[in-house]
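Next up, data_0.txt (compact mmCIF, C-alpha atoms):
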# COMPACT_ATOMS: atom_id res chain seq x y z
CA MET A 3 -7.45 13.20 -14.74
CA LYS A 4 -7.67 11.35 -11.44
CA PRO A 5 -6.28 7.82 -11.23
CA PHE A 6 -8.62 4.90 -10.62
CA LEU A 7 -6.45 3.27 -7.95
CA SER A 8 -4.44 4.85 -5.13
CA ILE A 9 -1.67 2.79 -3.53
CA ILE A 10 -0.51 4.18 -0.18
CA ILE A 11 2.83 3.08 1.28
CA PRO A 12 3.78 4.47 4.69
CA VAL A 13 7.58 4.62 4.93
CA TYR A 14 9.75 4.68 8.01
CA ASN A 15 13.38 3.53 7.84
CA GLY A 16 12.50 0.83 5.33
CA SER A 17 15.42 1.10 2.94
CA LEU A 18 16.17 -2.64 2.95
CA TYR A 19 13.11 -3.68 0.92
CA LEU A 20 11.68 -0.35 -0.18
CA ARG A 21 12.98 -0.32 -3.76
CA GLU A 22 11.65 -3.81 -4.39
CA THR A 23 8.24 -2.85 -3.01
CA ILE A 24 8.07 0.26 -5.20
CA GLU A 25 9.22 -1.65 -8.29
CA SER A 26 6.53 -4.30 -7.74
CA VAL A 27 3.94 -1.52 -7.97
CA LEU A 28 5.43 0.32 -10.93
CA CYS A 29 5.68 -2.84 -13.06
CA GLN A 30 1.90 -3.44 -13.05
CA PRO A 31 0.38 -3.76 -16.56
CA CYS A 32 -2.37 -1.19 -16.02
CA ASN A 33 -0.89 2.23 -15.28
CA ASP A 34 -4.10 3.94 -14.15
CA PHE A 35 -2.88 4.34 -10.58
CA GLU A 36 -1.06 6.73 -8.30
CA LEU A 37 1.57 5.63 -5.79
CA LEU A 38 1.70 7.73 -2.63
CA LEU A 39 4.95 7.30 -0.69
CA MET A 40 4.32 8.73 2.79
CA ASP A 41 7.63 9.22 4.60
CA ASP A 42 7.24 9.39 8.37
CA GLY A 43 10.51 11.10 9.29
CA SER A 44 12.92 8.38 8.12
CA THR A 45 16.62 8.72 8.99
CA ASP A 46 18.10 5.84 6.96
CA GLY A 47 17.88 7.22 3.41
CA SER A 48 14.35 5.97 2.75
CA LEU A 49 13.14 9.45 1.82
CA GLU A 50 15.90 9.78 -0.78
CA ILE A 51 14.89 6.41 -2.24
CA CYS A 52 11.29 7.61 -2.48
CA GLN A 53 12.30 10.88 -4.11
CA SER A 54 14.31 9.02 -6.76
CA TYR A 55 11.00 7.58 -8.05
CA GLU A 56 8.98 10.79 -7.86
CA GLY A 57 7.12 11.56 -11.09
CA ASP A 58 3.72 11.64 -12.76
CA ARG A 59 2.42 8.51 -11.04
CA VAL A 60 4.57 8.63 -7.90
CA LYS A 61 3.94 11.29 -5.26
CA VAL A 62 6.21 11.70 -2.24
CA PHE A 63 5.18 13.35 1.00
CA SER A 64 7.29 13.73 4.12
CA HIS A 65 6.59 14.89 7.66
CA ALA A 66 8.10 14.65 11.12
CA ASN A 67 7.67 11.24 12.73
CA CYS A 68 4.10 10.80 13.99
CA GLY A 69 3.49 7.06 13.66
CA VAL A 70 2.14 4.82 10.94
CA SER A 71 -1.54 5.30 11.80
CA LEU A 72 -1.57 9.06 11.26
CA THR A 73 0.67 8.57 8.22
CA ARG A 74 -1.89 6.24 6.64
CA ASN A 75 -4.67 8.71 7.44
CA GLU A 76 -2.74 11.47 5.67
CA GLY A 77 -2.32 9.18 2.69
CA VAL A 78 -6.09 8.70 2.55
CA GLU A 79 -6.63 12.47 2.62
CA ARG A 80 -4.16 13.01 -0.23
CA SER A 81 -5.44 10.13 -2.37
CA GLY A 82 -7.62 10.62 -5.44
CA GLY A 83 -8.46 7.10 -6.59
CA GLN A 84 -11.83 5.38 -6.55
CA TRP A 85 -10.13 2.43 -4.86
CA ILE A 86 -7.40 2.54 -2.20
CA ILE A 87 -4.81 -0.06 -1.21
CA PHE A 88 -2.50 0.11 1.80
CA CYS A 89 0.82 -1.59 1.12
CA ASP A 90 3.59 -1.87 3.71
CA GLN A 91 7.14 -0.87 2.83
CA ASP A 92 8.36 -4.47 2.94
CA ASP A 93 5.51 -6.13 1.01
CA ALA A 94 5.05 -6.64 -2.71
CA MET A 95 2.38 -6.74 -5.38
CA ARG A 96 2.13 -9.94 -7.36
CA LYS A 97 3.09 -9.72 -11.00
CA ASP A 98 0.04 -8.90 -13.12
CA PHE A 99 -2.03 -7.95 -10.08
CA TYR A 100 -3.45 -4.75 -11.60
CA THR A 101 -4.51 -5.36 -15.19
CA ALA A 102 -7.09 -3.71 -17.44
CA GLU A 103 -9.36 -6.70 -16.77
CA ARG A 104 -8.95 -6.26 -13.02
CA LYS A 105 -9.80 -2.57 -13.31
CA ALA A 106 -12.97 -3.42 -15.23
CA GLN A 107 -13.95 -5.86 -12.46
CA MET A 108 -13.40 -3.20 -9.81
CA GLN A 109 -15.48 -0.68 -11.78
CA GLU A 110 -18.34 -3.17 -11.97
CA LEU A 111 -18.09 -3.86 -8.24
CA LEU A 112 -18.39 -0.15 -7.48
CA GLN A 113 -21.58 -0.01 -9.53
CA ARG A 114 -22.94 -2.90 -7.47
CA GLY A 115 -22.24 -1.03 -4.23
CA VAL A 116 -19.20 -3.04 -3.11
CA GLU A 117 -16.92 -0.92 -0.93
CA LEU A 118 -14.43 -3.52 0.30
CA ILE A 119 -12.64 -6.44 -1.34
CA VAL A 120 -11.14 -8.95 1.11
CA PRO A 121 -8.63 -11.28 -0.58
CA GLY A 122 -6.47 -14.24 0.26
CA ALA A 123 -2.75 -13.86 0.86
CA TRP A 124 0.72 -15.09 0.08
CA TRP A 125 2.79 -15.22 3.28
CA CYS A 126 6.43 -15.37 2.28
CA ASP A 127 9.89 -15.46 3.75
CA ALA A 128 12.16 -12.39 3.75
CA GLN A 129 13.56 -13.19 0.29
CA LEU A 130 10.16 -13.99 -1.26
CA ARG A 131 11.54 -17.39 -2.23
CA TYR A 132 9.19 -19.53 -0.17
CA GLY A 133 5.60 -18.89 0.68
CA THR A 134 2.34 -20.37 1.74
CA ARG A 135 -1.01 -19.53 0.20
CA ARG A 136 -3.83 -18.62 2.57
CA PHE A 137 -7.32 -18.73 1.12
CA ILE A 138 -9.86 -16.25 2.47
CA GLU A 139 -12.77 -18.32 1.21
CA LYS A 140 -11.49 -21.38 3.06
CA GLU A 141 -10.47 -19.67 6.29
CA THR A 142 -13.54 -17.47 6.73
CA LYS A 143 -16.07 -19.72 4.96
CA CYS A 144 -17.11 -16.59 3.01
CA SER A 145 -17.23 -16.33 -0.77
CA GLY A 146 -18.92 -13.70 -2.89
CA ILE A 147 -20.75 -10.53 -1.79
CA TYR A 148 -22.10 -9.88 1.72
CA GLY A 149 -23.80 -6.92 3.34
CA GLY A 150 -22.13 -4.66 5.90
CA ARG A 151 -23.26 -3.50 9.36
CA ASN A 152 -23.00 -7.12 10.43
CA ASP A 153 -21.34 -7.44 13.82
CA ALA A 154 -20.63 -11.17 13.49
CA LEU A 155 -19.02 -10.70 10.06
CA SER A 156 -16.91 -7.74 11.19
CA TRP A 157 -14.65 -9.82 13.47
CA ASP A 158 -11.82 -12.07 12.26
CA HIS A 159 -12.78 -12.00 8.59
CA MET A 160 -9.57 -10.43 7.25
CA LEU A 161 -6.17 -12.05 7.11
CA THR A 162 -4.57 -8.61 7.21
CA PHE A 163 -5.85 -5.17 6.33
CA ASN A 164 -3.02 -4.10 4.02
CA MET A 165 -3.90 -6.31 1.10
CA CYS A 166 -7.59 -5.38 0.93
CA LEU A 167 -9.07 -2.90 -1.53
CA TYR A 168 -11.15 -0.08 -0.09
CA ALA A 169 -13.60 2.04 -2.08
CA ARG A 170 -13.20 5.78 -1.69
CA SER A 171 -16.80 5.99 -0.46
CA LEU A 172 -15.75 4.08 2.66
CA PHE A 173 -13.60 7.05 3.69
CA PHE A 174 -15.48 10.01 2.20
CA ASN A 175 -19.16 10.93 1.95
CA ALA A 176 -20.69 12.21 -1.30
CA ASP A 177 -20.07 15.82 -0.19
CA GLY A 178 -16.39 15.12 0.45
CA SER A 179 -16.63 15.04 4.23
CA ALA A 180 -14.88 12.29 6.16
CA THR A 181 -16.67 9.13 7.27
CA PRO A 182 -15.86 7.63 10.70
CA VAL A 183 -13.49 5.08 9.12
CA ARG A 184 -9.93 6.11 9.96
CA PHE A 185 -6.98 4.64 11.82
CA PHE A 186 -6.93 5.56 15.49
CA ALA A 187 -4.17 8.05 16.37
CA LEU A 188 -2.00 5.76 18.48
CA PRO A 189 1.78 5.56 19.04
CA LYS A 190 1.83 1.94 17.79
CA ASP A 191 0.05 0.24 14.91
CA VAL A 192 -3.06 -1.60 16.12
CA GLU A 193 -4.62 -2.39 12.77
CA THR A 194 -7.01 -5.07 14.07
CA THR A 195 -9.42 -2.35 15.17
CA PHE A 196 -9.28 -0.79 11.71
CA ARG A 197 -10.11 -4.17 10.16
CA HIS A 198 -13.24 -4.32 12.27
CA MET A 199 -14.30 -0.74 11.48
CA ALA A 200 -13.89 -1.28 7.74
CA LEU A 201 -15.77 -4.59 7.73
CA TYR A 202 -18.57 -3.15 9.84
CA ALA A 203 -19.02 0.23 8.12
CA VAL A 204 -19.20 -0.92 4.48
CA ARG A 205 -22.39 -1.33 2.47
CA LYS A 206 -21.17 -4.49 0.72
CA ILE A 207 -18.09 -6.74 0.97
CA LEU A 208 -16.61 -9.08 -1.62
CA PHE A 209 -14.60 -12.06 -0.36
CA SER A 210 -12.43 -13.38 -3.19
CA ASP A 211 -9.15 -15.26 -3.56
CA GLU A 212 -8.49 -13.59 -6.93
CA TYR A 213 -6.93 -10.60 -5.18
CA ALA A 214 -3.77 -11.26 -3.17
CA PHE A 215 -0.52 -9.63 -2.07
CA CYS A 216 2.82 -11.00 -0.88
CA LEU A 217 3.68 -10.39 2.75
CA ARG A 218 7.11 -10.86 4.24
CA ARG A 219 6.09 -12.64 7.42
CA CYS A 220 9.58 -13.80 8.50
CA ASN A 221 11.16 -10.36 8.36
CA GLU A 222 13.69 -8.98 10.82
CA GLU A 223 12.94 -5.46 9.58
CA SER A 224 9.27 -5.68 10.56
CA VAL A 225 8.35 -2.99 13.07
CA SER A 226 6.48 -5.44 15.29
CA SER A 227 9.50 -7.78 15.45
CA THR A 228 11.28 -5.29 17.74
CA TRP A 229 8.32 -4.32 19.92
CA ASN A 230 8.45 -4.50 23.69
CA TRP A 231 5.05 -6.12 24.04
CA MET A 232 4.59 -5.12 27.66
CA LYS A 233 4.73 -1.51 26.44
CA VAL A 234 2.60 -2.23 23.39
CA TYR A 235 -0.30 -3.88 25.21
CA PRO A 236 -1.52 -0.66 26.91
CA VAL A 237 -1.78 0.81 23.41
CA VAL A 238 -3.67 -2.28 22.22
CA PHE A 239 -6.13 -2.01 25.11
CA ASP A 240 -6.55 1.70 24.42
CA ALA A 241 -7.37 0.90 20.77
CA TYR A 242 -10.09 -1.57 21.76
CA ALA A 243 -11.49 0.88 24.31
CA ARG A 244 -11.65 3.52 21.59
CA LEU A 245 -13.44 1.01 19.39
CA VAL A 246 -16.21 0.69 21.98
CA ASN A 247 -16.59 4.47 22.01
CA TRP A 248 -16.45 4.53 18.19
CA HIS A 249 -19.53 2.31 18.07
CA ARG A 250 -21.28 4.31 20.80
CA THR A 251 -20.63 7.59 18.97
CA PHE A 252 -21.34 6.70 15.34
CA TYR A 253 -23.69 3.71 15.56
CA PRO A 254 -25.49 4.12 18.94
CA GLU A 255 -28.61 2.32 17.73
CA ASP A 256 -26.75 -0.96 17.19
CA ARG A 257 -26.59 -2.34 20.73
CA GLN A 258 -25.37 -5.73 19.51
CA ALA A 259 -22.29 -4.17 17.88
CA ILE A 260 -21.54 -2.08 20.98
CA GLU A 261 -21.71 -5.17 23.16
CA GLY A 262 -19.55 -7.03 20.65
CA ALA A 263 -16.86 -4.35 20.97
CA GLU A 264 -17.06 -4.46 24.78
CA LYS A 265 -16.62 -8.23 24.77
CA ALA A 266 -13.73 -7.88 22.32
CA LEU A 267 -11.96 -5.57 24.79
CA LEU A 268 -12.25 -8.20 27.53
CA ARG A 269 -11.18 -11.00 25.21
CA ARG A 270 -8.11 -9.02 24.12
CA MET A 271 -7.10 -8.59 27.76
CA SER A 272 -7.70 -12.30 28.44
CA PHE A 273 -5.53 -13.20 25.46
CA THR A 274 -2.70 -11.17 27.02
CA VAL A 275 -3.01 -13.23 30.20
CA ASP A 276 -2.93 -16.42 28.11
CA GLU A 277 0.34 -15.24 26.57
CA VAL A 278 2.05 -15.08 29.97
CA GLY A 279 2.94 -18.78 29.98
CA ARG A 280 3.90 -18.92 26.32
CA ASN A 281 6.24 -15.92 26.51
CA GLN A 282 7.24 -16.22 30.18
CA TRP A 283 6.24 -12.65 30.95
CA ASN A 284 6.15 -11.25 34.45
CA LEU A 285 2.64 -12.05 35.69
CA ALA A 286 2.74 -9.22 38.23
CA GLU A 287 3.28 -6.69 35.44
CA VAL A 288 0.41 -8.15 33.44
CA ARG A 289 -1.84 -8.11 36.51
CA GLN A 290 -1.07 -4.43 37.13
CA LEU A 291 -1.81 -3.64 33.51
CA ILE A 292 -5.17 -5.44 33.65
CA ASN A 293 -5.98 -3.75 36.96
CA ASP A 294 -5.53 -0.32 35.36
CA TYR A 295 -8.38 -1.13 32.95
CA VAL A 296 -10.81 -3.41 34.78
CA GLY A 297 -9.76 -3.18 38.43
CA GLU A 298 -12.25 -2.17 41.09
CA SER A 299 -12.11 1.58 40.35
CA ALA A 300 -10.89 1.34 36.72
CA PRO A 301 -12.92 2.82 33.82
CA TRP A 302 -14.00 -0.56 32.40
CA ALA A 303 -14.57 -2.43 35.66
CA HIS A 304 -18.32 -2.68 35.02
CA LEU A 305 -17.68 -4.97 32.04
CA LEU A 306 -16.56 -7.79 34.35
CA ASP A 307 -20.03 -7.88 35.88
CA LYS A 308 -21.82 -7.29 32.59
CA TYR A 309 -20.05 -10.17 30.81
CA SER A 310 -19.21 -12.75 33.46
CA ASP A 311 -18.00 -15.44 31.02
CA ASP A 312 -15.75 -13.15 28.96
CA GLY A 313 -14.27 -11.63 32.12
CA LYS A 314 -13.78 -14.86 34.06
CA LEU A 315 -10.01 -15.13 33.55
CA LEU A 316 -9.46 -11.43 34.26
CA ARG A 317 -11.47 -11.62 37.47
CA LYS A 318 -9.41 -14.65 38.56
CA LEU A 319 -6.17 -12.82 37.82
CA LEU A 320 -7.19 -9.86 39.98
CA SER A 321 -8.51 -11.95 42.88
CA ASN A 322 -6.19 -14.97 42.90
CA PRO A 323 -3.00 -14.37 40.87
CA LYS A 324 -1.22 -17.39 42.41
CA GLU A 325 -3.79 -19.75 40.91
CA VAL A 326 -3.31 -18.16 37.49
CA ALA A 327 0.48 -18.33 37.85
CA ALA A 328 0.31 -22.06 38.61
CA SER A 329 -1.88 -22.77 35.59
CA TYR A 330 0.53 -20.97 33.25
CA HIS A 331 3.72 -22.64 34.45
CA VAL A 332 5.63 -23.83 31.37
CA SER A 333 8.03 -26.73 31.87
CA PHE A 334 11.32 -27.24 30.05
CA ILE A 335 9.91 -30.24 28.17
CA ARG A 336 6.84 -28.31 26.99
CA ARG A 337 9.02 -25.46 25.73
CA LYS A 338 11.19 -27.89 23.75
CA ALA A 339 8.11 -29.55 22.29
CA ARG A 340 6.79 -26.19 21.15
CA GLN A 341 10.14 -25.34 19.54
CA SER A 342 10.01 -28.64 17.64
CA ARG A 343 6.54 -27.81 16.34
CA ASP A 344 7.81 -24.42 15.15
CA ILE A 345 10.62 -26.11 13.21
CA LEU A 346 8.17 -28.49 11.55
CA LYS A 347 5.88 -25.58 10.70
CA THR A 348 8.77 -23.75 9.00
CA PHE A 349 9.67 -26.87 7.03
CA PHE A 350 6.05 -27.22 5.91
CA CYS A 351 5.98 -23.58 4.78
CA LYS A 352 9.12 -24.01 2.68
CA ASN A 353 7.72 -27.04 0.91
CA ASN A 354 4.33 -25.62 -0.01
CA GLY A 355 3.61 -25.05 -3.68
CA VAL A 356 3.66 -21.40 -4.71
CA GLU A 357 3.08 -19.51 -7.91
CA VAL A 358 5.29 -16.97 -9.66
CA ILE A 359 4.93 -13.71 -7.76
CA LEU A 360 7.82 -11.45 -8.68
CA GLY A 361 9.24 -12.53 -12.02
CA GLU A 362 10.85 -15.94 -11.41
CA ARG A 363 11.42 -15.34 -7.69
CA LEU A 364 8.82 -17.80 -6.43
CA GLN A 365 8.66 -21.02 -8.38
CA ASN A 366 6.02 -23.73 -8.53
CA LYS A 367 7.22 -26.76 -6.62
Go through the file and emit its structure as structure tokens.
Amino acid sequence: MKPFLSIIIPVYNGSLYLRETIESVLCQPCNDFELLLMDDGSTDGSLEICQSYEGDRVKVFSHANCGVSLTRNEGVERSGGQWIIFCDQDDAMRKDFYTAERKAQMQELLQRGVELIVPGAWWCDAQLRYGTRRFIEKETKCSGIYGGRNDALSWDHMLTFNMCLYARSLFFNADGSATPVRFFALPKDVETTFRHMALYAVRKILFSDEYAFCLRRCNEESVSSTWNWMKVYPVVFDAYARLVNWHRTFYPEDRQAIEGAEKALLRRMSFTVDEVGRNQWNLAEVRQLINDYVGESAPWAHLLDKYSDDGKLLRKLLSNPKEVAASYHVSFIRRKARQSRDILKTFFCKNNGVEVILGERLQNK
């Protein structure tokens, strides 16, 4: 008998928190689920940890390192549940997240045509001792059920993709064939494009703060914490370029959505330029990177003329880099002020009220 819920955890050298993540899944009250541990060529003993849990509800798969995106896609192909959750190797399910009552709710939502549940989130420190609650209904101004194929709704309406619940029908047609919703095969994880695809492609979406995970946001083991962003950004731009082609290929009749994806590509590049001053990157390197995509003979150069407002900063960077450099000069005093704000933000996070998440780990303040 197939499980109702599939929980997919991609694993790559995650031994530090992996056991705790697995235990948070296995302790759920309703046991009508399968846990798929997808090892992506780990070398730190993570595979052995996964295999120690292998059993009726826990399936372990291992392959040579190919990246988290393809690993998640393989997990989707091997899953059998009516609902799918992606959980990272350093995150955790809240206690009593998956109950018989919750399963009944999810069954009813399927009957109503809901294919995606977008929840709020608990963003916690590395020890899951302090956290801050983020409310999806407050941050997106969305509550209840909405229709899909809505370009405006498909941008910036998820806090993160790996705490949402996805119906199987979002990934597979009635005949078992694959839908267009998959992670792009990229060397780095650019999950923002997947968020958009999922939000756009669904029939119906439920926004609800009843469903929430714990995320270790201040985590030295996080993959992105060690990224060289100047090497990552070409991958990010490639992901957004693929997103434009994704819309053109699968939804060619929706011109508004295609144009939305094109503008998003330009905005993502502009955001990179904005980050120059904050992170003190080499502006010449950023300019060369932008030139490769929207320079005079680059593949996306026509977008600068098509969307003059969205491409204004990029055009300025290519034509007058000295002016851009001057505007992003960051003084010593401004850097110190920003550091002070970060300290205050951390203090605020540690003093926010939180509920019990893993046993008695997080206490109400």
Between atom CA of A:Met108 and atom CA of A:Arg74, distance in Å (one decimal):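 So the answer is 22.2 Å.
Minimum atom-to-atom distances from A:Phe35, A:Tyr295, A:Phe163, A:Phe174 to A:Asp191 were compared using all atoms listed in the file, and the lowest value belongs to A:Phe163.
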Pairwise distance for atom CA of A:Leu20 and atom CA of A:Val237, rounded to one decimal in Å: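 Atom CA of A:Val237 lies at a distance of 27.2 Å from atom CA of A:Leu20.
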Option closest in space to A:Leu37, from A:Leu268, A:Met165, A:Leu208, A:Cys89 [counting all atoms listed in the file]: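 Among A:Leu268, A:Met165, A:Leu208, A:Cys89, it is A:Cys89 that comes nearest to A:Leu37.
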Point-to-point distance from atom CA of A:Leu319 to atom CA of A:Leu305, Å rounded to tenths: 15.1 Å
Around all the atoms of stretch 130-138 of chain A listed in the file, with 3 Å of room on each side, what axis-aligned box do you get, giving centre and edge lengths in Å to one decimal, as AutoDock Vina command-line options?
--center_x 0.8 --center_y -17.2 --center_z 0.2 --size_x 27.4 --size_y 12.4 --size_z 10.8
Residue nearest A:Trp85 - candidates A:Phe252, A:Phe173, A:Trp124, A:Tyr132, atoms counted: only C-alpha atoms: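 Once distances to A:Trp85 are computed over only C-alpha atoms, the minimum belongs to A:Phe173.
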For A:Tyr19, the nearest of the candidates A:Met40, A:Val70, A:Ala94, A:Ala266, counting only C-alpha atoms: A:Ala94
Best match for closeness to A:Asn247 among A:Phe186, A:Arg270, A:Arg205, A:Pro121, counting all atoms listed in the file: A:Phe186
Need to verify the contact set: A:Ala102, 12 Å, all atoms listed in the file, exclusion of same-chain residues closer than 5 positions in sequence. Can you return it as a short mmCIF file (atom, residue, chain, number, x, y, z; two decimals) with C-alpha atoms, in the coordinates of the input?
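Produced file around-v4.cif, reproduced below:
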data_model
loop_
_atom_site.label_atom_id
_atom_site.label_comp_id
_atom_site.auth_asym_id
_atom_site.auth_seq_id
_atom_site.Cartn_x
_atom_site.Cartn_y
_atom_site.Cartn_z
CA PHE A 6 -8.62 4.90 -10.62
CA LEU A 7 -6.45 3.27 -7.95
CA GLN A 30 1.90 -3.44 -13.05
CA PRO A 31 0.38 -3.76 -16.56
CA CYS A 32 -2.37 -1.19 -16.02
CA ASN A 33 -0.89 2.23 -15.28
CA ASP A 34 -4.10 3.94 -14.15
CA PHE A 35 -2.88 4.34 -10.58
CA GLN A 107 -13.95 -5.86 -12.46
CA MET A 108 -13.40 -3.20 -9.81
CA GLN A 109 -15.48 -0.68 -11.78
#
Neighbour residues at most 12 Å from (-7.5, -11.8, 22.8) (only C-alpha atoms) as number ranges by chain: A: 157-158, 194, 235, 238-239, 242, 265-277, 312-313, 315-316
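Counting all atoms listed in the file, the residue from A:Ala128, A:Val183, A:Val204, A:Met232 that sits nearest to A:Asn152 is A:Val204.
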Contacts of stretch 55-61 of chain A within 10 Å, only C-alpha atoms, excl. fewer than 4 positions in-chain, as a ChimeraX atom specification: /A:5,8-10,21,24-25,28,33-40,50-51,80-81
Residues within 8 Å of (7.2, 15.3, 4.7), file coords, all atoms listed in the file, listed as number ranges by chain: A: 40-43, 62-66
